[in-house]
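Structure, as structure tokens:
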Amino acid sequence: MSPVSDSYGKKGLVSARHRVTMAKLALETSDWIRVDPWESEQDTWTETVKVLRHHYNEALRAFQSKKEFTRNKHPTESSTGNSLSCQQPVLPELKLLCGADFLQTFKTPNLWKEEDIEEIVGKFGLVCISRVGSDPSQFIQESDLLSKFQHNIFLVREWIQNEVSATQIRSALCRGLSVKYLIPDSVIAYIAQHNIYTAESERRNEGHLLQPLRLQNTTINPLRD
Amino acid sequence: MRNRIPVILLACGSFNPITNMHMRLFELARDHLHQTGRYQVIEGIMSPVSDSYGKKGLVSARHRVTMAKLALETSDWIRVDPWESEQDTWTETVKVLRHHYNEALRAFQSKKEFTRNKHPTESSTGNSLSCQQPVLPELKLLCGADFLQTFKTPNLWKEEDIEEIVGKFGLVCISRVGSDPSQFIQESDLLSKFQHNIFLVREWIQNEVSATQIRSALCRGLSVKYLIPDSVIAYIAQHNIYTAESERRNEGHLLQPLRLQNTTINPLRD
């Protein structure tokens, strides 16, 4: 889980320090999901493809150390060894987990560079969760670029109708309504303890443009008036 | 705070298993009643149905009650009550309400007795908190809009029972985004008579965690983490509760309330 940096500029975005801590609290009971603060610690907003490259390089580094370690433990081992301890580590693939709305942003004019979409979908891969009733496969078929890589786009149907939007959660918190059973108790307690979501926090970045759109405005754009 | 009327919320259901959505209903209802300014919700009671209800896939009440207890460990106001589940036969909703109302009445009377014994010369206009007369609580049935709709199923309900449930006790009815039970209430003479006692609460989060889907996912080895509490997931795994076999229980059987319906003389049926 990679929380965005504060420089993203979204309305109501509280400090990364809090968002990372809340994610850590929420993920305490997970034995396989973790939060990584790297992106949130960058000075400026980081493009998605760069976040993917960073984590892929980290995984590669870990893979190479493991290979080194395995080789040092069993220097005479052939690649067809039977016992578990002789298994060569396999290079993992890194895939971007997203919602169907993310997929749709690929068609926003000038938001994405084509080579970045190619890298995200072609080199890495997408796992795209869609809501009951929505069907992104048609959208993929309509795009030459995406249909080229459809083997690398995994469409997952959400079987539970469960639309807990963070915006609604913040709104409820400001109004003193209960969000129990929607977010973890530990996060509720943390929010209360630090008084994180208030009418004031909701006004942050009001009127500001999101950083990716700010960058978009500065590029020469033949499609705009 | 002006004198708010204390309210106890009662939810009946299979709770097979209990899900985060079941517990959300209580939270939504409480917020709503508090926002009217007239009520103070003092307790929530979850009442799992007895095994004799005969619903397909219904696992033993012992497990369902235990799972609800585990799920409600972190709640400081909602509890599970096993009374209904311990009855030999299925208990009509109105009788469950009467039982819990009598229990609340008993508790209220002991409290009044206790207060009176502590301050025998206290007038009713005493200032200090310790002199406050306990106020008789109201017991309301917490339900979904689908429950409300069952009132129109022919011969499922006796009219006097609907009157008692809605008139004497009251309903707090949680409806999904997009559905509107108020029209249904208007179309019914009986219900519109008691509409002051039917609280319609709009679920602002689209949250349809159905217990049936949960059981299906469990049987298929899919994750239900973040849909039901971790403690309930662990309990289900430990006791291997939901299986293909458990899902076949009561297959082909009629629900007990419908079984009773079939034995009454029914002029409206062929």
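Chain labels run A, B, ... following the order of the structure tokens; each chain numbers its residues from 1, and ligands are numbered from 1 in the order shown.
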
Pull out every residue of chain B that has at least one atom within 7 Å of chain A, counting only C-alpha atoms, and report them as a list in words.
->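 Every residue meeting the condition is included here: Asn20, Arg24, Glu27, Asp31, Ile205, Gln206, Asn207, Glu208 and Val209 of chain B.
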
Extract the full set of alpha helix (DSSP H) residues from region 174-224 of chain A according to DSSP on the backbone, and format it as a ChimeraX atom specification.
-> /A:174,185-194,199-202,211-218

Please provide the set of residues having any atom within 12 Å of region 89-95 of chain A, restricted to only C-alpha atoms, with same-chain residues fewer than 4 positions apart removed, written as a count of residues only.
-> 39

Please provide the set of residues having any atom within 7 Å of region 64-67 of chain B, restricted to only C-alpha atoms, with same-chain residues fewer than 5 positions apart removed, written as a list in words.
-> Phe15, Asn16, Pro17, Ile18, Pro48, Val80, Pro82 and Val232 of chain B

What is the CA of Glu115 (chain A) to CA of Asp6 (chain A) distance in Å?
-> 26.2 Å

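The environment of Thr93 (chain B) within 10 Å, counting only C-alpha atoms and disregarding residues fewer than 5 places along the same chain, consists of Ala11, Cys12, Gly13, Val49, Glu84, Arg98, His99, Leu141, Asp161, Ile162 and Ile165 of chain B.
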
Give me a file of those residues, with N, CA and C atoms, as a PDB file, in the first residue's frame.
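Okay, again-v1.pdb is ready:
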```pdb
ATOM      1  N   ALA B  11     -32.730  -6.513  17.339  1.00  0.00           N
ATOM      2  CA  ALA B  11     -32.684  -7.032  15.977  1.00  0.00           C
ATOM      3  C   ALA B  11     -32.804  -8.549  16.017  1.00  0.00           C
ATOM      4  N   CYS B  12     -33.752  -9.052  15.245  1.00  0.00           N
ATOM      5  CA  CYS B  12     -33.928 -10.498  15.135  1.00  0.00           C
ATOM      6  C   CYS B  12     -33.366 -10.931  13.784  1.00  0.00           C
ATOM      7  N   GLY B  13     -32.852 -12.145  13.734  1.00  0.00           N
ATOM      8  CA  GLY B  13     -32.333 -12.612  12.453  1.00  0.00           C
ATOM      9  C   GLY B  13     -31.608 -13.929  12.623  1.00  0.00           C
ATOM     10  N   VAL B  49     -32.130 -16.296  15.790  1.00  0.00           N
ATOM     11  CA  VAL B  49     -33.317 -17.156  15.728  1.00  0.00           C
ATOM     12  C   VAL B  49     -32.969 -18.574  16.197  1.00  0.00           C
ATOM     13  N   GLU B  84     -34.137 -16.253  22.654  1.00  0.00           N
ATOM     14  CA  GLU B  84     -34.934 -16.749  21.528  1.00  0.00           C
ATOM     15  C   GLU B  84     -34.347 -18.052  20.976  1.00  0.00           C
ATOM     16  N   ARG B  98     -42.047  -8.835  23.268  1.00  0.00           N
ATOM     17  CA  ARG B  98     -42.678  -8.810  24.597  1.00  0.00           C
ATOM     18  C   ARG B  98     -41.705  -9.309  25.653  1.00  0.00           C
ATOM     19  N   HIS B  99     -40.980 -10.372  25.361  1.00  0.00           N
ATOM     20  CA  HIS B  99     -40.037 -10.921  26.329  1.00  0.00           C
ATOM     21  C   HIS B  99     -39.007  -9.888  26.743  1.00  0.00           C
ATOM     22  N   LEU B 141     -37.965  -2.375  17.331  1.00  0.00           N
ATOM     23  CA  LEU B 141     -37.450  -3.430  16.481  1.00  0.00           C
ATOM     24  C   LEU B 141     -36.609  -2.816  15.368  1.00  0.00           C
ATOM     25  N   ASP B 161     -50.874  -8.334  15.576  1.00  0.00           N
ATOM     26  CA  ASP B 161     -49.449  -8.404  15.866  1.00  0.00           C
ATOM     27  C   ASP B 161     -48.721  -7.232  15.227  1.00  0.00           C
ATOM     28  N   ILE B 162     -49.105  -6.899  13.981  1.00  0.00           N
ATOM     29  CA  ILE B 162     -48.486  -5.738  13.331  1.00  0.00           C
ATOM     30  C   ILE B 162     -48.764  -4.487  14.161  1.00  0.00           C
ATOM     31  N   ILE B 165     -46.476  -4.580  17.163  1.00  0.00           N
ATOM     32  CA  ILE B 165     -45.069  -4.359  16.830  1.00  0.00           C
ATOM     33  C   ILE B 165     -44.828  -2.892  16.477  1.00  0.00           C
TER      34      ILE B 165
END
```

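Going from CA of Arg34 (chain A) over to CA of Thr19 (chain B), you cover 24.9 Å.
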
I want to know what sits within 7 Å of Gly12 (chain A), based on only C-alpha atoms, with residues of the same chain fewer than 4 positions away left out; could you give that as a PDB file with all heavy atoms, in the first residue's frame?
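The new file out-v8.pdb reads:
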```
ATOM      1  N   SER A 201      -9.564  20.415   8.266  1.00  0.00           N
ATOM      2  CA  SER A 201      -8.726  19.525   7.456  1.00  0.00           C
ATOM      3  C   SER A 201      -9.390  19.296   6.094  1.00  0.00           C
ATOM      4  O   SER A 201      -8.725  19.118   5.078  1.00  0.00           O
ATOM      5  CB  SER A 201      -8.501  18.188   8.166  1.00  0.00           C
ATOM      6  OG  SER A 201      -9.682  17.404   8.174  1.00  0.00           O
ATOM      7  N   GLU A 202     -10.710  19.318   6.074  1.00  0.00           N
ATOM      8  CA  GLU A 202     -11.437  19.084   4.830  1.00  0.00           C
ATOM      9  C   GLU A 202     -11.241  20.246   3.852  1.00  0.00           C
ATOM     10  O   GLU A 202     -11.391  20.074   2.644  1.00  0.00           O
ATOM     11  CB  GLU A 202     -12.927  18.873   5.132  1.00  0.00           C
ATOM     12  CG  GLU A 202     -13.684  18.053   4.107  1.00  0.00           C
ATOM     13  CD  GLU A 202     -13.064  16.692   3.801  1.00  0.00           C
ATOM     14  OE1 GLU A 202     -12.360  16.117   4.669  1.00  0.00           O
ATOM     15  OE2 GLU A 202     -13.268  16.185   2.684  1.00  0.00           O
ATOM     16  N   ARG A 203     -10.857  21.414   4.353  1.00  0.00           N
ATOM     17  CA  ARG A 203     -10.676  22.590   3.483  1.00  0.00           C
ATOM     18  C   ARG A 203      -9.276  22.673   2.889  1.00  0.00           C
ATOM     19  O   ARG A 203      -9.013  23.498   2.016  1.00  0.00           O
ATOM     20  CB  ARG A 203     -10.989  23.874   4.261  1.00  0.00           C
ATOM     21  CG  ARG A 203     -12.478  24.158   4.410  1.00  0.00           C
ATOM     22  CD  ARG A 203     -12.698  25.590   4.884  1.00  0.00           C
ATOM     23  NE  ARG A 203     -12.131  25.818   6.201  1.00  0.00           N
ATOM     24  CZ  ARG A 203     -12.791  25.680   7.350  1.00  0.00           C
ATOM     25  NH1 ARG A 203     -14.066  25.321   7.331  1.00  0.00           N
ATOM     26  NH2 ARG A 203     -12.199  25.911   8.507  1.00  0.00           N
ATOM     27  N   ARG A 204      -8.373  21.803   3.359  1.00  0.00           N
ATOM     28  CA  ARG A 204      -7.005  21.796   2.802  1.00  0.00           C
ATOM     29  C   ARG A 204      -7.018  21.646   1.290  1.00  0.00           C
ATOM     30  O   ARG A 204      -7.798  20.868   0.752  1.00  0.00           O
ATOM     31  CB  ARG A 204      -6.242  20.603   3.360  1.00  0.00           C
ATOM     32  CG  ARG A 204      -5.651  20.829   4.705  1.00  0.00           C
ATOM     33  CD  ARG A 204      -4.515  19.876   4.890  1.00  0.00           C
ATOM     34  NE  ARG A 204      -4.229  19.690   6.291  1.00  0.00           N
ATOM     35  CZ  ARG A 204      -3.169  19.038   6.730  1.00  0.00           C
ATOM     36  NH1 ARG A 204      -2.345  18.501   5.871  1.00  0.00           N
ATOM     37  NH2 ARG A 204      -2.963  18.911   8.015  1.00  0.00           N
ATOM     38  N   ASN A 205      -6.135  22.360   0.622  1.00  0.00           N
ATOM     39  CA  ASN A 205      -5.991  22.265  -0.834  1.00  0.00           C
ATOM     40  C   ASN A 205      -7.249  22.674  -1.582  1.00  0.00           C
ATOM     41  O   ASN A 205      -7.398  22.378  -2.771  1.00  0.00           O
ATOM     42  CB  ASN A 205      -5.627  20.827  -1.254  1.00  0.00           C
ATOM     43  CG  ASN A 205      -4.277  20.394  -0.727  1.00  0.00           C
ATOM     44  OD1 ASN A 205      -3.312  21.146  -0.771  1.00  0.00           O
ATOM     45  ND2 ASN A 205      -4.216  19.196  -0.188  1.00  0.00           N
TER      46      ASN A 205
END
```

Tell me, counting only C-alpha atoms, for each residue of region 111-178 of chain A within 7 Å of region 187-197 of chain A, which pair of atoms is nearest and how far apart they are in Å to one decimal, in rows ordered by chain and increasing number, as CSV.
```
residue,atom,partner,partner_atom,distance
A:Arg170,CA,A:Tyr197,CA,6.3
A:Leu173,CA,A:Tyr197,CA,6.8
A:Cys174,CA,A:Tyr197,CA,6.4
```

For the selection you just gave me, I'd like the residues written to a file as a short mmCIF file (atom, residue, chain, number, x, y, z; two decimals), in the first residue's frame, keeping C-alpha atoms.
```cif
data_model
loop_
_atom_site.label_atom_id
_atom_site.label_comp_id
_atom_site.auth_asym_id
_atom_site.auth_seq_id
_atom_site.Cartn_x
_atom_site.Cartn_y
_atom_site.Cartn_z
CA ARG A 170 -14.45 11.81 6.53
CA LEU A 173 -16.46 11.75 11.20
CA CYS A 174 -16.91 15.51 10.91
#
```

Taking the DSSP assignment computed from this structure's backbone, write out as JSON, numbers by chain all residues of region 176-268 of chain B that belong to strand (DSSP E).
-> {"B": [198, 199, 200, 201, 202, 206, 207, 208]}

Output file for the selection above: N, CA and C atoms, as a PDB file, in the first residue's frame:
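Generated output (part07.pdb):
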```pdb
ATOM      1  N   ILE B 198     -42.484   4.737  13.138  1.00  0.00           N
ATOM      2  CA  ILE B 198     -41.612   4.028  12.211  1.00  0.00           C
ATOM      3  C   ILE B 198     -40.508   4.997  11.805  1.00  0.00           C
ATOM      4  N   PHE B 199     -39.289   4.670  12.174  1.00  0.00           N
ATOM      5  CA  PHE B 199     -38.156   5.539  11.873  1.00  0.00           C
ATOM      6  C   PHE B 199     -37.435   4.996  10.657  1.00  0.00           C
ATOM      7  N   LEU B 200     -37.401   5.783   9.591  1.00  0.00           N
ATOM      8  CA  LEU B 200     -36.735   5.346   8.368  1.00  0.00           C
ATOM      9  C   LEU B 200     -35.327   5.909   8.342  1.00  0.00           C
ATOM     10  N   VAL B 201     -34.363   5.010   8.288  1.00  0.00           N
ATOM     11  CA  VAL B 201     -32.965   5.421   8.303  1.00  0.00           C
ATOM     12  C   VAL B 201     -32.340   5.071   6.973  1.00  0.00           C
ATOM     13  N   ARG B 202     -31.706   6.048   6.354  1.00  0.00           N
ATOM     14  CA  ARG B 202     -31.064   5.786   5.075  1.00  0.00           C
ATOM     15  C   ARG B 202     -29.627   5.343   5.301  1.00  0.00           C
ATOM     16  N   GLN B 206     -23.016   2.184   0.814  1.00  0.00           N
ATOM     17  CA  GLN B 206     -23.549   1.020   0.118  1.00  0.00           C
ATOM     18  C   GLN B 206     -22.805  -0.197   0.628  1.00  0.00           C
ATOM     19  N   ASN B 207     -23.472  -0.966   1.483  1.00  0.00           N
ATOM     20  CA  ASN B 207     -22.774  -2.024   2.192  1.00  0.00           C
ATOM     21  C   ASN B 207     -23.652  -3.264   2.275  1.00  0.00           C
ATOM     22  N   GLU B 208     -23.564  -4.090   1.253  1.00  0.00           N
ATOM     23  CA  GLU B 208     -24.465  -5.228   1.183  1.00  0.00           C
ATOM     24  C   GLU B 208     -23.736  -6.522   1.447  1.00  0.00           C
TER      25      GLU B 208
END
```

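The space separating CA of Asp36 (chain A) from CA of Ser2 (chain A) comes to 5.3 Å.
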
Extract, using only C-alpha atoms, all DNA, RNA and protein residues at most 7 Å from Pro137 (chain B), discarding same-chain residues fewer than 2 positions from it, and format them as a list in words.
->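 Non-adjacent residues within range: Ile5, Pro6, Val7, Ile8, Val135 and Leu139 of chain B.
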